[in-house]
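Below you'll find the structure, written out as structure tokens, and then a few comments.
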Amino acid sequence: MNNELLTYTLRIADNSLILGQRMSEWCSKGPTLEEDIALSNISLDLFGQANGFYSYASQLDGNKSPDDLAFLRNEREFFNQQIVELENIDFGNTIVRNFLYDSYNFLFYSSLKNSKDDTLSALASKSLKEVKYHLRHSKNWLIRLGDGTEFSKEKVQKSLESIWQYTHDMFSMDEIDNKMYRLNIGVNNSNLKVEWDRIINETLIEAKLVRPKDGYNAKGGKNGMHTEHLGFLLAEMQFLQRAYPNAKW
Amino acid sequence: MQSGKIKEIWKLLDSVPDPEIPVISVVELGVVRNISFTNNAYQILITPTYSGCPAVKTFIDDIKSCLKTNKIFNFDIKIIYAPAWTTDWMSVETKEKLRKYGISPPSNKVVCPQCNSSNTVLVSEFGATACKSFHKCSECLEPFEHFKCI
Ligand SMILES: [Zn+2]
């Protein structure tokens with residue numbers, strides 16, 4: 001059980017860390033000063049959430065520190081969903097990805113806060129308060145960009161089409177998910193789909209965007225299968241600890 | 001005897017300022033949750049405002065040095081996550097201190113800290129720190145930060 005709980009916790013931590021790292025790439029490159037600050041703050045929230053889940057994973061593991069877990073694992077040992085590792089590309093693309101993921105993340109934590117595992121439940125309640133703001137931010141921007149100019153609309157519609165294939169895996173259930181759910185520790189992801197569809201459909205109508213058709217299903221992130229983007233992200237994020245082991249500042 | 005000492009520690013910590021908003025203390029902010037005495041040490045429970053609040057490490061260091069300066073060495077500081085921090089823990093007096101300092105205090109109705117007008121517009125959901133959003137007053141035209149309600 002402990003091993004499965006560890007993997008389950010790492011999946012949550014990895015989602016937060018990798019998206020947090022992506023958001024940190026916006027620091028000093030935001031389209032406006034306010035957005036620069038917003039995206040950097042979102043990044044900080046995500047790093048904080050990741051730290052909470054890694055601290056718990058570290059306890060369960062008994063051997064590795066939270067920093068070891070973040071900086072000394074390789075690509076195939078990361079269990080985040082592929083959607084969070086996708087490159088930012090441009091502001092509109094980041095907003096689309098974040099909106100699709102934030103909507104899921106909001107529902108995920110809303111459910112995880114009822115976990116029988118006290119630590120997961122506490123971390124979920126805490127994270128949920130912050131993710132509500134993240135969702136409000138990405139949702140409002142998606143509406144502005146979709147219902148904005150011809151140019152902004154075309155750009156976000158294109159991003160929607162290209163990112164859509166990564167959304168299906170958010171609702172998948174594997175053996176570990178099923179076991180955690182049966183023990184009332186984990187979330188039944190497939191149950192989140194109805195509400196997620198509602199949020200997405202409502203917002204897309206308001207943003208005057210078209211919901212893409214379901215097609216290819218890019219999956220496997222939670223089992224360590226990743227896109228080519230994750231390796232580059234880790235190379236940058238882990239460089240210092242790899243080049244100067246145990247470096248501190 | 002311990003209960004007197006615990007009261008003293010509460011008082012000491014009430015003199016430790018929030019590193020980012022120095023007009024209120026870490027006790028007023030609500031991050032110090034409990035102080036007790038077990039295993040020959042004072043157990044101090046702290047909860048972060050936001051998960052990623054960069055001030056957490058600073059206020060833990062500040063609490064440590066405050067206690068050590070006052071010759072208290074037998075203490076442990078533990079971070080807890082439940083119940084999650086909420087702005088509801090701030091007293092009316094604390095909110096008034098924030099307003100005087102120029103920060104619109106947490107409330108469902110955003111009010112300009114300069115002229116008390118509620119005729120304001122949101123500039124950004126995220127201000128200079130995670131706990132604040134950024135607004136502009138439509139009456140006196142001053143920009144200001146609002147402590148978000150969470
Ligand atoms: Zn005013």
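Ligands are numbered from 1 in the order shown, residues from 1 within each chain, and chains are lettered A, B, ... in the order they appear in the structure tokens.
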Test item: residues no farther than 9 Å from ligand 1, counting only C-alpha atoms and all ligand atoms, as a list of chain:residue names:
B:Val111, B:Cys112, B:Pro113, B:Gln114, B:Cys115, B:Asn116, B:Ser117, B:Ser118, B:Asn119, B:Thr120, B:Lys136, B:Cys137, B:Ser138, B:Glu139, B:Cys140, B:Leu141, B:Glu142, B:Pro143, B:Phe144
Mind writing the picked residues with N, CA, C and O atoms as a PDB file, in the first residue's frame?
ATOM      1  N   VAL B 111     -12.525  48.105  -0.748  1.00  0.00           N
ATOM      2  CA  VAL B 111     -12.662  49.527  -0.444  1.00  0.00           C
ATOM      3  C   VAL B 111     -11.299  50.209  -0.546  1.00  0.00           C
ATOM      4  O   VAL B 111     -10.292  49.670  -0.089  1.00  0.00           O
ATOM      5  N   CYS B 112     -11.264  51.372  -1.160  1.00  0.00           N
ATOM      6  CA  CYS B 112     -10.004  52.116  -1.300  1.00  0.00           C
ATOM      7  C   CYS B 112      -9.476  52.511   0.076  1.00  0.00           C
ATOM      8  O   CYS B 112     -10.206  53.118   0.865  1.00  0.00           O
ATOM      9  N   PRO B 113      -8.216  52.168   0.389  1.00  0.00           N
ATOM     10  CA  PRO B 113      -7.681  52.489   1.716  1.00  0.00           C
ATOM     11  C   PRO B 113      -7.433  53.993   1.891  1.00  0.00           C
ATOM     12  O   PRO B 113      -7.248  54.462   3.015  1.00  0.00           O
ATOM     13  N   GLN B 114      -7.425  54.742   0.788  1.00  0.00           N
ATOM     14  CA  GLN B 114      -7.162  56.183   0.889  1.00  0.00           C
ATOM     15  C   GLN B 114      -8.441  56.973   1.183  1.00  0.00           C
ATOM     16  O   GLN B 114      -8.459  57.802   2.071  1.00  0.00           O
ATOM     17  N   CYS B 115      -9.486  56.725   0.383  1.00  0.00           N
ATOM     18  CA  CYS B 115     -10.680  57.578   0.485  1.00  0.00           C
ATOM     19  C   CYS B 115     -11.935  56.799   0.852  1.00  0.00           C
ATOM     20  O   CYS B 115     -13.028  57.362   0.868  1.00  0.00           O
ATOM     21  N   ASN B 116     -11.785  55.476   1.131  1.00  0.00           N
ATOM     22  CA  ASN B 116     -12.910  54.639   1.545  1.00  0.00           C
ATOM     23  C   ASN B 116     -13.985  54.421   0.489  1.00  0.00           C
ATOM     24  O   ASN B 116     -15.059  53.918   0.793  1.00  0.00           O
ATOM     25  N   SER B 117     -13.714  54.810  -0.732  1.00  0.00           N
ATOM     26  CA  SER B 117     -14.712  54.601  -1.781  1.00  0.00           C
ATOM     27  C   SER B 117     -14.726  53.129  -2.185  1.00  0.00           C
ATOM     28  O   SER B 117     -13.696  52.461  -2.180  1.00  0.00           O
ATOM     29  N   SER B 118     -15.913  52.622  -2.517  1.00  0.00           N
ATOM     30  CA  SER B 118     -15.958  51.249  -3.022  1.00  0.00           C
ATOM     31  C   SER B 118     -16.088  51.251  -4.545  1.00  0.00           C
ATOM     32  O   SER B 118     -16.296  50.222  -5.168  1.00  0.00           O
ATOM     33  N   ASN B 119     -15.941  52.418  -5.134  1.00  0.00           N
ATOM     34  CA  ASN B 119     -15.952  52.559  -6.581  1.00  0.00           C
ATOM     35  C   ASN B 119     -14.530  52.310  -7.106  1.00  0.00           C
ATOM     36  O   ASN B 119     -13.767  53.227  -7.339  1.00  0.00           O
ATOM     37  N   THR B 120     -14.180  51.018  -7.239  1.00  0.00           N
ATOM     38  CA  THR B 120     -12.813  50.652  -7.600  1.00  0.00           C
ATOM     39  C   THR B 120     -12.822  49.643  -8.742  1.00  0.00           C
ATOM     40  O   THR B 120     -13.834  48.987  -8.976  1.00  0.00           O
ATOM     41  N   LYS B 136      -7.466  49.786  -8.627  1.00  0.00           N
ATOM     42  CA  LYS B 136      -7.352  51.223  -8.783  1.00  0.00           C
ATOM     43  C   LYS B 136      -8.657  51.854  -8.318  1.00  0.00           C
ATOM     44  O   LYS B 136      -9.740  51.323  -8.591  1.00  0.00           O
ATOM     45  N   CYS B 137      -8.541  52.967  -7.604  1.00  0.00           N
ATOM     46  CA  CYS B 137      -9.719  53.661  -7.109  1.00  0.00           C
ATOM     47  C   CYS B 137     -10.241  54.591  -8.198  1.00  0.00           C
ATOM     48  O   CYS B 137      -9.485  55.367  -8.774  1.00  0.00           O
ATOM     49  N   SER B 138     -11.536  54.512  -8.478  1.00  0.00           N
ATOM     50  CA  SER B 138     -12.109  55.363  -9.522  1.00  0.00           C
ATOM     51  C   SER B 138     -12.476  56.743  -8.986  1.00  0.00           C
ATOM     52  O   SER B 138     -12.770  57.646  -9.747  1.00  0.00           O
ATOM     53  N   GLU B 139     -12.470  56.907  -7.657  1.00  0.00           N
ATOM     54  CA  GLU B 139     -12.756  58.218  -7.059  1.00  0.00           C
ATOM     55  C   GLU B 139     -11.494  59.059  -6.965  1.00  0.00           C
ATOM     56  O   GLU B 139     -11.379  60.105  -7.583  1.00  0.00           O
ATOM     57  N   CYS B 140     -10.510  58.553  -6.183  1.00  0.00           N
ATOM     58  CA  CYS B 140      -9.305  59.354  -5.957  1.00  0.00           C
ATOM     59  C   CYS B 140      -8.190  58.970  -6.925  1.00  0.00           C
ATOM     60  O   CYS B 140      -7.124  59.571  -6.913  1.00  0.00           O
ATOM     61  N   LEU B 141      -8.433  57.961  -7.764  1.00  0.00           N
ATOM     62  CA  LEU B 141      -7.512  57.512  -8.813  1.00  0.00           C
ATOM     63  C   LEU B 141      -6.217  56.882  -8.315  1.00  0.00           C
ATOM     64  O   LEU B 141      -5.305  56.619  -9.088  1.00  0.00           O
ATOM     65  N   GLU B 142      -6.131  56.658  -6.985  1.00  0.00           N
ATOM     66  CA  GLU B 142      -4.919  56.026  -6.447  1.00  0.00           C
ATOM     67  C   GLU B 142      -4.930  54.516  -6.727  1.00  0.00           C
ATOM     68  O   GLU B 142      -5.960  53.865  -6.567  1.00  0.00           O
ATOM     69  N   PRO B 143      -3.790  53.962  -7.134  1.00  0.00           N
ATOM     70  CA  PRO B 143      -3.713  52.492  -7.212  1.00  0.00           C
ATOM     71  C   PRO B 143      -3.490  51.938  -5.801  1.00  0.00           C
ATOM     72  O   PRO B 143      -2.932  52.629  -4.951  1.00  0.00           O
ATOM     73  N   PHE B 144      -3.973  50.749  -5.542  1.00  0.00           N
ATOM     74  CA  PHE B 144      -3.752  50.172  -4.211  1.00  0.00           C
ATOM     75  C   PHE B 144      -3.818  48.651  -4.266  1.00  0.00           C
ATOM     76  O   PHE B 144      -4.308  48.073  -5.238  1.00  0.00           O
TER      77      PHE B 144
END
Excluding same-chain residues fewer than 5 positions from Lys78 in chain B, what lies within 9 Å of it counting only C-alpha atoms, as a list in words?
Gln43, Ile44, Leu45, Ile46 and Thr47 of chain B
Can you check which residues of chain B have any atom within 12 Å of chain A? Use only C-alpha atoms and format it as a PDB file with C-alpha atoms, in the first residue's frame.
ATOM      1  CA  THR B  47       0.806  27.435   9.088  1.00  0.00           C
ATOM      2  CA  PRO B  48       1.780  29.150   5.830  1.00  0.00           C
ATOM      3  CA  THR B  49      -0.512  31.792   4.340  1.00  0.00           C
ATOM      4  CA  TYR B  50      -0.036  30.546   0.776  1.00  0.00           C
ATOM      5  CA  SER B  51       1.696  27.251  -0.094  1.00  0.00           C
ATOM      6  CA  GLY B  52       4.486  29.046  -1.886  1.00  0.00           C
ATOM      7  CA  CYS B  53       4.735  32.096   0.349  1.00  0.00           C
ATOM      8  CA  PRO B  54       8.450  32.992   0.230  1.00  0.00           C
ATOM      9  CA  ALA B  55       8.145  34.733   3.604  1.00  0.00           C
ATOM     10  CA  VAL B  56       7.592  31.452   5.491  1.00  0.00           C
ATOM     11  CA  LYS B  57      11.274  30.721   5.841  1.00  0.00           C
ATOM     12  CA  ILE B  79       4.591  23.489   9.935  1.00  0.00           C
ATOM     13  CA  ILE B  80       0.996  22.299   9.721  1.00  0.00           C
ATOM     14  CA  TYR B  81      -1.414  22.555   6.771  1.00  0.00           C
ATOM     15  CA  ALA B  82      -4.776  21.913   8.408  1.00  0.00           C
ATOM     16  CA  PRO B  83      -6.869  23.866   8.995  1.00  0.00           C
ATOM     17  CA  ALA B  84      -5.810  25.876   5.951  1.00  0.00           C
ATOM     18  CA  TRP B  85      -4.944  29.493   6.691  1.00  0.00           C
ATOM     19  CA  THR B  86      -7.771  31.933   6.171  1.00  0.00           C
ATOM     20  CA  THR B  87      -8.086  35.728   6.295  1.00  0.00           C
ATOM     21  CA  LEU B 122      -9.528  45.335 -10.475  1.00  0.00           C
ATOM     22  CA  VAL B 123      -6.239  45.768 -12.346  1.00  0.00           C
ATOM     23  CA  SER B 124      -4.823  42.306 -11.693  1.00  0.00           C
ATOM     24  CA  GLU B 125      -5.761  39.241  -9.630  1.00  0.00           C
ATOM     25  CA  PHE B 126      -2.163  39.052  -8.491  1.00  0.00           C
ATOM     26  CA  GLY B 127      -0.315  41.866  -6.723  1.00  0.00           C
ATOM     27  CA  ALA B 128       3.280  42.111  -5.555  1.00  0.00           C
ATOM     28  CA  THR B 129       2.751  39.066  -3.326  1.00  0.00           C
ATOM     29  CA  ALA B 130       0.470  36.046  -3.687  1.00  0.00           C
ATOM     30  CA  CYS B 131      -1.790  37.249  -0.873  1.00  0.00           C
ATOM     31  CA  LYS B 132      -2.710  40.522  -2.585  1.00  0.00           C
ATOM     32  CA  SER B 133      -4.556  41.639  -5.715  1.00  0.00           C
ATOM     33  CA  PHE B 134      -4.028  44.958  -7.465  1.00  0.00           C
ATOM     34  CA  HIS B 135      -6.753  47.617  -7.847  1.00  0.00           C
ATOM     35  CA  LYS B 148      -7.335  38.728  -0.893  1.00  0.00           C
ATOM     36  CA  CYS B 149     -10.021  36.878   1.028  1.00  0.00           C
ATOM     37  CA  ILE B 150      -9.155  33.207   1.241  1.00  0.00           C
TER      38      ILE B 150
END
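Using only C-alpha atoms, the residues found no farther than 9 Å from range 90-98 of chain B, other than those of its own chain fewer than 3 positions away, are Ile21, Val23, Ile24, Glu28, Leu29, Gly30, Thr86, Thr87, Tyr101, Gly102, Ile103, Ser104, Pro105, Pro106, Pro113 and Phe147 of chain B.
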Export N, CA, C and O atoms of the chosen residues as a CSV table (one decimal), in the first residue's frame?
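again.csv, written as the output of this step:
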chain,number,residue,atom,x,y,z
B,21,ILE,N,4.8,42.8,5.5
B,21,ILE,CA,3.9,43.8,6.0
B,21,ILE,C,4.2,44.1,7.4
B,21,ILE,O,3.5,43.7,8.4
B,23,VAL,N,3.7,46.2,9.7
B,23,VAL,CA,2.8,46.8,10.7
B,23,VAL,C,2.0,45.8,11.4
B,23,VAL,O,1.4,46.1,12.4
B,24,ILE,N,2.0,44.5,10.9
B,24,ILE,CA,1.3,43.5,11.7
B,24,ILE,C,2.3,42.4,12.1
B,24,ILE,O,3.3,42.2,11.4
B,28,GLU,N,-0.7,38.3,14.6
B,28,GLU,CA,-1.9,39.0,14.1
B,28,GLU,C,-2.3,38.4,12.7
B,28,GLU,O,-3.4,38.3,12.3
B,29,LEU,N,-1.2,38.1,11.9
B,29,LEU,CA,-1.5,37.5,10.6
B,29,LEU,C,-2.2,36.1,10.7
B,29,LEU,O,-2.8,35.7,9.8
B,30,GLY,N,-2.0,35.5,11.9
B,30,GLY,CA,-2.7,34.2,12.1
B,30,GLY,C,-1.8,33.0,11.7
B,30,GLY,O,-2.4,31.9,11.6
B,86,THR,N,-6.7,31.1,6.8
B,86,THR,CA,-7.8,31.9,6.2
B,86,THR,C,-7.7,33.4,6.7
B,86,THR,O,-7.3,33.6,7.8
B,87,THR,N,-8.1,34.3,5.9
B,87,THR,CA,-8.1,35.7,6.3
B,87,THR,C,-9.1,36.0,7.4
B,87,THR,O,-9.1,37.0,8.0
B,101,TYR,N,-2.0,51.3,6.8
B,101,TYR,CA,-0.7,51.1,6.1
B,101,TYR,C,-0.9,51.3,4.6
B,101,TYR,O,0.1,51.3,3.8
B,102,GLY,N,-2.1,51.3,4.1
B,102,GLY,CA,-2.4,51.5,2.7
B,102,GLY,C,-2.8,50.3,1.9
B,102,GLY,O,-2.9,50.3,0.7
B,103,ILE,N,-3.0,49.2,2.7
B,103,ILE,CA,-3.5,48.0,2.0
B,103,ILE,C,-5.0,47.8,2.3
B,103,ILE,O,-5.4,47.8,3.5
B,104,SER,N,-5.8,47.6,1.3
B,104,SER,CA,-7.2,47.4,1.5
B,104,SER,C,-7.4,46.0,2.2
B,104,SER,O,-7.0,45.0,1.6
B,105,PRO,N,-8.0,46.0,3.4
B,105,PRO,CA,-8.0,44.7,4.1
B,105,PRO,C,-9.0,43.7,3.5
B,105,PRO,O,-9.9,44.1,2.7
B,106,PRO,N,-8.8,42.4,3.9
B,106,PRO,CA,-9.6,41.4,3.3
B,106,PRO,C,-11.1,41.6,3.6
B,106,PRO,O,-11.5,41.8,4.8
B,113,PRO,N,-8.2,52.2,0.4
B,113,PRO,CA,-7.7,52.5,1.7
B,113,PRO,C,-7.4,54.0,1.9
B,113,PRO,O,-7.2,54.5,3.0
B,147,PHE,N,-5.8,42.9,0.2
B,147,PHE,CA,-5.5,41.6,0.8
B,147,PHE,C,-6.6,40.6,0.4
B,147,PHE,O,-7.7,40.8,0.8
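Computed from the coordinates, the CA of Val110 in chain B to CA of Ala207 in chain A distance equals 27.0 Å.
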As a PyMOL selection string, please: every residue in range 58-97 of chain B that a backbone DSSP assignment puts in strand (DSSP E or B).
chain B and resi 75-79
Extract the full set of helix (DSSP H, G or I) residues from chain B according to DSSP on the backbone, and format it as a compact mmCIF listing (two decimals) with C-alpha atoms, in the first residue's frame.
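Contents of the output file states.txt:
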# COMPACT_ATOMS: atom_id res chain seq x y z
CA GLN B 2 4.43 26.45 31.83
CA SER B 3 1.19 28.26 31.08
CA GLY B 4 2.72 31.56 32.22
CA LYS B 5 5.72 30.92 30.01
CA ILE B 6 3.47 30.03 27.08
CA LYS B 7 1.67 33.34 27.50
CA GLU B 8 5.02 35.08 27.49
CA ILE B 9 5.98 33.34 24.23
CA TRP B 10 2.71 34.44 22.61
CA LYS B 11 3.56 37.98 23.65
CA LEU B 12 7.10 37.71 22.30
CA LEU B 13 5.89 36.38 18.97
CA VAL B 26 3.04 36.99 12.72
CA VAL B 27 0.48 36.38 15.48
CA GLU B 28 -1.92 38.97 14.07
CA LEU B 29 -1.48 37.49 10.61
CA ALA B 55 8.15 34.73 3.60
CA VAL B 56 7.59 31.45 5.49
CA LYS B 57 11.27 30.72 5.84
CA THR B 58 11.94 34.30 6.92
CA PHE B 59 9.32 34.34 9.63
CA ILE B 60 10.47 30.99 10.98
CA ASP B 61 14.02 32.39 11.18
CA ASP B 62 12.68 35.58 12.81
CA ILE B 63 10.71 33.57 15.39
CA LYS B 64 13.79 31.49 16.19
CA SER B 65 16.01 34.49 16.69
CA CYS B 66 13.37 36.30 18.77
CA LEU B 67 13.09 33.33 21.15
CA LYS B 68 16.86 32.85 21.36
CA THR B 69 17.38 36.55 22.10
CA THR B 87 -8.09 35.73 6.29
CA ASP B 88 -11.06 35.15 8.64
CA TRP B 89 -8.51 34.79 11.43
CA VAL B 92 -10.91 43.93 13.16
CA GLU B 93 -7.93 45.75 14.71
CA THR B 94 -5.49 43.94 12.43
CA LYS B 95 -7.56 44.85 9.39
CA GLU B 96 -7.57 48.47 10.49
CA LYS B 97 -3.76 48.39 10.77
CA LEU B 98 -3.58 47.12 7.19
CA ARG B 99 -5.87 49.89 5.97
CA LYS B 100 -3.81 52.57 7.69
CA TYR B 101 -0.71 51.09 6.09
Atom-to-atom span, CA of Thr94 in chain A and CA of Leu145 in chain A, Å
11.8 Å
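We find CA of Gly231 in chain A and CA of Ile12 in chain A to be spaced 18.9 Å apart.
Those residues that approach range 154-159 of chain A to within 10 Å, counting only C-alpha atoms, are Ile89, Asp90, Phe91, Gly92, Asn93, Thr94, Ile95, Val96, Arg97, Leu142, Leu145, Gly146, Gly148, Thr149, Trp164, Leu204, Lys208, Leu209, Val210, Arg211 and Pro212 of chain A; same-chain residues fewer than 5 positions away are not listed.
Each of A:Ala70, A:Thr167, A:Asn189, A:Val131 was checked against Gln21 in chain A using only C-alpha atoms; the smallest atom-to-atom distance is that of A:Ala70.
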Pick out the residues sitting within 10 Å of Ile83 in chain A, and hand them over as JSON, numbers by chain; count only C-alpha atoms, and ignore anything fewer than 3 positions along from it in its own chain.
{"A": [15, 18, 19, 80, 86, 87, 97, 98, 100, 101, 163, 164, 165, 166, 167, 168, 169, 170, 218, 219, 221, 226, 227]}
Set the distance at 9 Å and use only C-alpha atoms: which residues neighbour Lys116 in chain A once local chain neighbours fewer than 4 positions away are removed? I'd like the list as a VMD selection string.
chain A and resid 112 120 to 121 183 to 186
